[in-house]
Each structure stands twice: as structure tokens, then as C-alpha cells.
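Notes to accompany the following structure.
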Amino acid sequence: MPIALLALAIAAFGIGTTEFVMMGLLPEVATDLQVSIPDAGGYISLYALGVVIGAPALTMIGLRSRRKTMLLNMLVLFTAGNLFSAFATNHETLLVARFISGLPHGAFFGVGAVVAAGLVAADRRGQAISMMFIGLTVANIVGVPIGTLLGHALGWRWAFGLVAVIGVIALAAVAVLVPKQPKPTEVSLRGELQAFRRPQVWLAFAVVVFGFAAIFSFYSYIKPVLTDVSGFSATAVTPLLAVFGVGMTVGTAVGGRLADRSPLKTLCAGISALAVSLVVFALTAQNPIMAPIMVFLIGATGFTAIPSIQARILDEAKEAPALGSASIQSTFNIANSLGAYLGGVVIAAGFGLVSPSWIGALLALVGLGFAVLSGRLDSRPKRGGVVASHQASPATESELTA
């Protein structure tokens with residue numbers, strides 16, 4: 001694999017760290033800035049809002065820029081946002097800083113996926129995309145724990161200072177290692193938006209919204225489940241969260257290889273396995289041996305599908321690969337909010353701490369339904385027996401009937 005993928009992975013590592021480290025530092029930040037925990041939750045939601053808005057907006061602004069230039073600009077904004085967070089003096093300032101930090105997240109991954117896919121032969125693009133996203137998953141194993149420990153030992157500002165340093169390293173790595181990208185020609189916003197008239201693009205978004213809301217329905221409430229249901233101590237939860245991160249990393253790596261062979265089959269198999277894993281966890285959460293095993297498998301099965309969904313959107317939005325890929329990042333954050341919300345609803349309704357896993361399984365099945373529908377549209381010929389020209393390949397078209 002090209003060494004340029006390492007530069008993209010380093011950047012993804014920094015982005016993943018800043019996205020999740022706030023969750024472990026929320027009480028300390030709230031105390032220091034003299035706000036309540038619910039108010040401090042805005043530091044997480046404003047980051048997510050930045051991702052949702054910034055992914056399509058910044059990608060459209062940078063349509064005529066070279067993709068390497070776009071990556072560098074996003075990393076400059078990312079580093080600045082985290083420095084701003086580290087030096088924020090009050091609640092309002094930190095809210096703004098977190099929003100700014102989230103803006104380049106989706107645009108970087110969107111453009112980065114296109115660049116990664118373009119660095120290798122077509123039959124290895126799933127692996128290339130997965131290499132970048134492995135940086136994001138490793139952040140949950142290494143970056144977030146280190147950032148949290150640093151924040152507890154020296155103060156929460158040091159955690160964001162560390163992320164800013166990672167941003168500088170990523171900026172240098174991309175500048176040196178990523179090859180020069182050609183300047184886009186004949187690009188127009190109207191032309192880019194034409195791709196969004198296709199049902200397949202919206203079906204891909206629907207798969208993400210429901211399929212990945214399944215993961216976040218489970219993950220948003222994993223700590224109280226592991227302590228109050230599985231019986232683990234609060235101290236033991238931290239390494240168990242790292243187990244989830246290891247599962248994410250393994251799933252992303254395996255999913256990249258499988259996506260190169262059969263994207264749609266990999267997508268359907270991953271979501272199906274996720275639904276089964278969530279059901280098994282709901283049934284065995286009280287078992288201290290089975291619970292960690294299922295935490296690993298939920299992370300692995302859920303993230304197996306990520307390279308496949310990225311490959312699908314690159315196929316179905318060929319006229320706007322960067323915009324389509326960036327928009328997928330927006331839908332991931334919508335999935336995050338939807339999963340957490342529905343999980344909270346069933347807990348509040350008195351169904352117990354394990355109930356979000358059941359909701360997650362149902363959401364995964366809905367996502368699977370959209371994936372199957374997408375496959376059926378692939379295999380359906382146009383009037384007169386001519387298959388739609390934008391489909392990826394005969395192998396892809398026949399995956400669900402093979």
C-alpha cells in the first residue's frame with residue numbers, strides 16, 4: 001500500500017481522538033467552566049453539528065481546489081479549532097471552538113476517501129479506504145485513553161493541545177507523502193448536485209442512518225450496561241471500551257479486503273452480523289464472560305461495512321465523489337444522534353439498560369432492508385434491457401442473486 005495512506009491515517013487518528021475524548025473529560029470541563037453536565041453536553045453536540053454542516057458546505061466551497069490542497073486546508077482548520085479549544089476561557093468560547101473543530105471532519109474524510117481510492121488499482125480501493133479509517137478506529141484504542149489520562153493528570157486543556165500537535169504532524173505528513181493531485185476541470189455545483197437525483201445515492205445514505213444508528217444505540221449506553229448489568233467495576237470499563245475499539249479496527253481492516261471482492265455482499269453480511277451480535281449481547285449482557293466478547297464482535301461487525309458503503313457511494317455518485325463521500329460523514333453523525341436518542345427513549349420508558357441493544361438490532365434490520373433494495377435496483381435492467389450505465393460492474397449487479 002502507498003505510504004501516502006499513512007499520512008491520511010495519522011490525520012484520521014487525530015480527528016477520531018478529538019471527536020471522542022470530550023466524552024471522557026466532560027465532568028472536568030464542566031467543573032472548570034462552571035456549567036452543568038447537560039450544558040457541557042453541548043461540546044459534543046456542537047462538534048457533531050459542525051460535521052453535519054461542514055461536510056457538504058466545505059466540500060462544495062473547495063470543488064475547484066486540488067484535492068491535496070483541500071486536505072491541507074482542512075487540517076489547518078482542524079488544528080486551529082483544537083488550539084482554540086485548548087485556550088477557550090469560557091463556556092461560549094468552547095462551544096464555538098468545538099463547532100469549528102467539527103467543520104473539517106466530514107470534508108477531510110470525504111476528500112480523503114477519494115484520494116485513497118485513487119492511489120491504488122480499482123480492485124484494492126476498499127483496502128485503501130480502510131487504511132485511512134483504521135486511523136479513526138485506533139484513536140479509540142490509543143488516542144482517546146491517552147488524551148483522557150492526560151486531561152485527568154494535567155487538566156483537560158492539555159488533551160486538546162495534544163490533538164493540535166497531532167494535527168501539525170498530520171499536516172506535515174500529508175504535505176510530504178500525499179502526491180500532487182490534478183486540478184479538477186469542468187466542475188460546477190449544479191453538475192455535482194446532479195448525482196443526488198439518483199435513488200441509489202439516497203439509499204446509501206439510508207443504509208448509514210439506520211445501519212449505523214444501530215451501533216450508536218448500543219455504544220451510547222455501554223458504560224452503565226457494563227457496570228450495572230454485566231457487573232464490571234467502573235475501572236474495568238476503560239479497557240472494555242478499548243476492546244470495542246480493537247473490534248472496530250479489525251472490522252475495518254477485514255471489511256476493506258472483503259469490499260474489494262464484493263462491496264454489496266460485504267455490506268449486507270456486515271449489517272446482518274451486527275443485528276445478530278446485538279441480539280446475542282442483549283441476551284447475554286449479564287454474563288461477564290460473554291459481554292466482552294460481544295462488545296468486540298459488535299465493534300467488528302458494525303465497522304466491517306464502512307469501506308463497502310464508501311465504495312458504494314463512490315460508484316453511485318461518480319460525478320460528485322468527494323461531495324457524496326463527505327455527505328456520508330454527515331449521515332454518520334445523524335445516525336449517532338438517532339441511535340442515542342432512540343436508546344434513551346426506551347430506557348426512559350422503563351425497558352431497562354439492555355433495551356437499546358434490541359432497538360439497535362431493529363435499526364440494523366431496517367438498514368439491511370435498504371441495502372437489499374439497493375442491490376435489487378442494481379440488478380434491474382432499464383427499459384429495453386439496457387442496464388444503467390452508472391452501475392459499478394456485472395459482479396456487483398448480481399451479488400444478491402449469486
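By convention in this document, the chains of the C-alpha cells carry letters A, B, ... by their order, each chain's residues are numbered from 1, and ligands are numbered from 1 in the order they are shown.
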Name the residues in contact with region 101-111 of chain A at a cut-off of 9 Å, using only C-alpha atoms, excluding same-chain residues fewer than 5 positions from it; report them as a VMD selection string. chain A and resid 8 11 to 12 15 18 to 19 46 to 59 67 to 68 70 to 75 77 to 82 84 to 85 96 116 132 to 133 310 321 to 330
Residues at most 9 Å from Ala117 (chain A), counting only C-alpha atoms, excluding those fewer than 2 positions away in the same chain, as a list of chain:residue names?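 Here the qualifying residues turn out to be A:Gly112, A:Ala113, A:Val114, A:Val115, A:Leu119, A:Val120, A:Ala121, A:Ala122, A:Arg124, A:Arg125, A:Gly126, A:Gln127, A:Ala128, A:Ile129, A:Ala311.
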Got a sec: who's within 10 Å of Leu365 (chain A), counting only C-alpha atoms, leaving out chain neighbours fewer than 5 positions off, as a PyMOL selection string? chain A and resi 207+210-211+214+268+271-272+274-276+359-360+370-371
Go ahead and dump the residues you just picked, N, CA, C and O atoms, as a PDB file, in the first residue's frame.
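Saved file part_18.pdb follows:
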ATOM      1  N   VAL A 207     -28.957   3.543   4.381  1.00  0.00           N
ATOM      2  CA  VAL A 207     -28.240   2.422   4.994  1.00  0.00           C
ATOM      3  C   VAL A 207     -27.393   2.919   6.161  1.00  0.00           C
ATOM      4  O   VAL A 207     -27.357   2.309   7.237  1.00  0.00           O
ATOM      5  N   PHE A 210     -29.679   4.238   9.335  1.00  0.00           N
ATOM      6  CA  PHE A 210     -30.289   3.191  10.151  1.00  0.00           C
ATOM      7  C   PHE A 210     -29.279   2.131  10.570  1.00  0.00           C
ATOM      8  O   PHE A 210     -29.261   1.700  11.735  1.00  0.00           O
ATOM      9  N   GLY A 211     -28.425   1.704   9.636  1.00  0.00           N
ATOM     10  CA  GLY A 211     -27.458   0.660   9.957  1.00  0.00           C
ATOM     11  C   GLY A 211     -26.484   1.079  11.034  1.00  0.00           C
ATOM     12  O   GLY A 211     -26.149   0.294  11.933  1.00  0.00           O
ATOM     13  N   ALA A 214     -27.743   1.766  14.670  1.00  0.00           N
ATOM     14  CA  ALA A 214     -27.750   0.541  15.472  1.00  0.00           C
ATOM     15  C   ALA A 214     -26.543   0.487  16.392  1.00  0.00           C
ATOM     16  O   ALA A 214     -26.647   0.118  17.569  1.00  0.00           O
ATOM     17  N   CYS A 268     -24.114  -6.125   3.225  1.00  0.00           N
ATOM     18  CA  CYS A 268     -25.265  -6.870   3.747  1.00  0.00           C
ATOM     19  C   CYS A 268     -24.844  -7.853   4.843  1.00  0.00           C
ATOM     20  O   CYS A 268     -25.521  -7.987   5.868  1.00  0.00           O
ATOM     21  N   ILE A 271     -23.984  -5.869   8.151  1.00  0.00           N
ATOM     22  CA  ILE A 271     -25.150  -5.370   8.878  1.00  0.00           C
ATOM     23  C   ILE A 271     -25.947  -6.515   9.475  1.00  0.00           C
ATOM     24  O   ILE A 271     -26.465  -6.425  10.600  1.00  0.00           O
ATOM     25  N   SER A 272     -26.055  -7.629   8.744  1.00  0.00           N
ATOM     26  CA  SER A 272     -26.755  -8.809   9.277  1.00  0.00           C
ATOM     27  C   SER A 272     -26.055  -9.327  10.524  1.00  0.00           C
ATOM     28  O   SER A 272     -26.690  -9.628  11.547  1.00  0.00           O
ATOM     29  N   LEU A 274     -24.151  -7.650  12.493  1.00  0.00           N
ATOM     30  CA  LEU A 274     -24.325  -6.658  13.549  1.00  0.00           C
ATOM     31  C   LEU A 274     -25.650  -6.876  14.273  1.00  0.00           C
ATOM     32  O   LEU A 274     -25.704  -6.840  15.513  1.00  0.00           O
ATOM     33  N   ALA A 275     -26.732  -7.093  13.510  1.00  0.00           N
ATOM     34  CA  ALA A 275     -28.044  -7.331  14.120  1.00  0.00           C
ATOM     35  C   ALA A 275     -28.006  -8.557  15.033  1.00  0.00           C
ATOM     36  O   ALA A 275     -28.513  -8.526  16.163  1.00  0.00           O
ATOM     37  N   VAL A 276     -27.391  -9.638  14.548  1.00  0.00           N
ATOM     38  CA  VAL A 276     -27.287 -10.860  15.347  1.00  0.00           C
ATOM     39  C   VAL A 276     -26.457 -10.608  16.604  1.00  0.00           C
ATOM     40  O   VAL A 276     -26.818 -11.044  17.712  1.00  0.00           O
ATOM     41  N   ILE A 359     -33.247  -2.261  20.271  1.00  0.00           N
ATOM     42  CA  ILE A 359     -33.548  -1.209  19.290  1.00  0.00           C
ATOM     43  C   ILE A 359     -32.485  -1.194  18.202  1.00  0.00           C
ATOM     44  O   ILE A 359     -32.784  -1.045  17.009  1.00  0.00           O
ATOM     45  N   GLY A 360     -31.220  -1.369  18.602  1.00  0.00           N
ATOM     46  CA  GLY A 360     -30.134  -1.401  17.626  1.00  0.00           C
ATOM     47  C   GLY A 360     -30.308  -2.523  16.626  1.00  0.00           C
ATOM     48  O   GLY A 360     -30.064  -2.346  15.424  1.00  0.00           O
ATOM     49  N   PHE A 370     -32.704  -1.527   3.320  1.00  0.00           N
ATOM     50  CA  PHE A 370     -32.317  -0.532   2.317  1.00  0.00           C
ATOM     51  C   PHE A 370     -31.149  -1.028   1.466  1.00  0.00           C
ATOM     52  O   PHE A 370     -31.079  -0.751   0.262  1.00  0.00           O
ATOM     53  N   ALA A 371     -30.214  -1.769   2.081  1.00  0.00           N
ATOM     54  CA  ALA A 371     -29.088  -2.320   1.319  1.00  0.00           C
ATOM     55  C   ALA A 371     -29.567  -3.340   0.288  1.00  0.00           C
ATOM     56  O   ALA A 371     -29.111  -3.360  -0.861  1.00  0.00           O
TER      57      ALA A 371
END
Would you mind listing what lies within 9 Å of region 243-260 of chain A as a PyMOL selection string, with only C-alpha atoms counted and same-chain residues fewer than 3 positions away left out? chain A and resi 122-131+133-142+238-240+263-267+270+292-309+311
Would you please work out which residue, of A:Phe212, A:Phe205, A:Phe160, A:Phe281, is nearest to Glu316 (chain A) when using only C-alpha atoms?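 Checking each of A:Phe212, A:Phe205, A:Phe160, A:Phe281 against Glu316 (chain A), counting only C-alpha atoms, the winner is A:Phe205.
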Figure out the distance between CA of Ile146 (chain A) and CA of Tyr221 (chain A), please, to one decimal in Å.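 According to the coordinates, CA of Tyr221 (chain A) and CA of Ile146 (chain A) are separated by 21.7 Å.
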Write out as a PyMOL selection string all residues of region 142-247 of chain A that backbone DSSP assigns to helix (DSSP H, G or I). chain A and resi 142-154+156-177+189-197+199-219+222-229+234-247
My list of candidates is A:Val201, A:Val225, A:Met23, A:Leu83. Which is closest to Gly167 (chain A) when distances are computed with only C-alpha atoms?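 So, comparing all the options, the nearest one is A:Leu83.
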Between CA of Leu149 (chain A) and CA of Asp228 (chain A), what distance in Å does the model show, to one decimal?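 Separating CA of Leu149 (chain A) from CA of Asp228 (chain A) is a distance of 23.8 Å.
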May I have the residues within 10 Å of Val176 (chain A) as an MDAnalysis selection string, using only C-alpha atoms and disregarding those fewer than 5 positions away in the same chain? chainID A and resid 4 7 170:171
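Interatomic distance, CA of Val163 (chain A) against CA of Arg64 (chain A): 29.1 Å.
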I want to know what sits within 8 Å of Phe216 (chain A), based on only C-alpha atoms, with residues of the same chain fewer than 6 positions away left out; could you give that as a PDB file with N, CA and C atoms, in the first residue's frame?
ATOM      1  N   ALA A 335     -26.837   9.441  12.237  1.00  0.00           N
ATOM      2  CA  ALA A 335     -27.021   8.107  12.808  1.00  0.00           C
ATOM      3  C   ALA A 335     -26.647   8.099  14.290  1.00  0.00           C
ATOM      4  N   ASN A 336     -25.578   8.786  14.630  1.00  0.00           N
ATOM      5  CA  ASN A 336     -25.139   8.886  16.023  1.00  0.00           C
ATOM      6  C   ASN A 336     -26.255   9.471  16.888  1.00  0.00           C
ATOM      7  N   SER A 337     -26.815  10.584  16.436  1.00  0.00           N
ATOM      8  CA  SER A 337     -27.877  11.256  17.195  1.00  0.00           C
ATOM      9  C   SER A 337     -29.133  10.398  17.277  1.00  0.00           C
ATOM     10  N   GLY A 339     -29.449   7.058  16.982  1.00  0.00           N
ATOM     11  CA  GLY A 339     -29.255   5.896  17.825  1.00  0.00           C
ATOM     12  C   GLY A 339     -29.271   6.244  19.300  1.00  0.00           C
ATOM     13  N   ALA A 340     -28.559   7.307  19.670  1.00  0.00           N
ATOM     14  CA  ALA A 340     -28.518   7.724  21.074  1.00  0.00           C
ATOM     15  C   ALA A 340     -29.900   8.142  21.558  1.00  0.00           C
ATOM     16  N   GLY A 360     -31.220  -1.369  18.602  1.00  0.00           N
ATOM     17  CA  GLY A 360     -30.134  -1.401  17.626  1.00  0.00           C
ATOM     18  C   GLY A 360     -30.308  -2.523  16.626  1.00  0.00           C
TER      19      GLY A 360
END
With distances taken over only C-alpha atoms, which residue among A:Phe351, A:Trp358, A:Phe332, A:Phe87 lies nearest Trp158 (chain A)?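 Closest to Trp158 (chain A), using only C-alpha atoms: A:Phe87.
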So, counting only C-alpha atoms, which residue among A:Leu154, A:Leu353, A:Ala348, A:Ile10 is closest to Ile169 (chain A)?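 Answer, going by the shortest atom-to-atom distance: A:Ile10.
Using only C-alpha atoms, the smallest distance between any of A:Ala291, A:Ala175, A:Leu63, A:Ala204 and Val237 (chain A) comes from A:Ala291.
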Residue nearest Asn90 (chain A) - candidates A:Leu5, A:Ile61, A:Val209, A:Val29, atoms counted: only C-alpha atoms: A:Val29
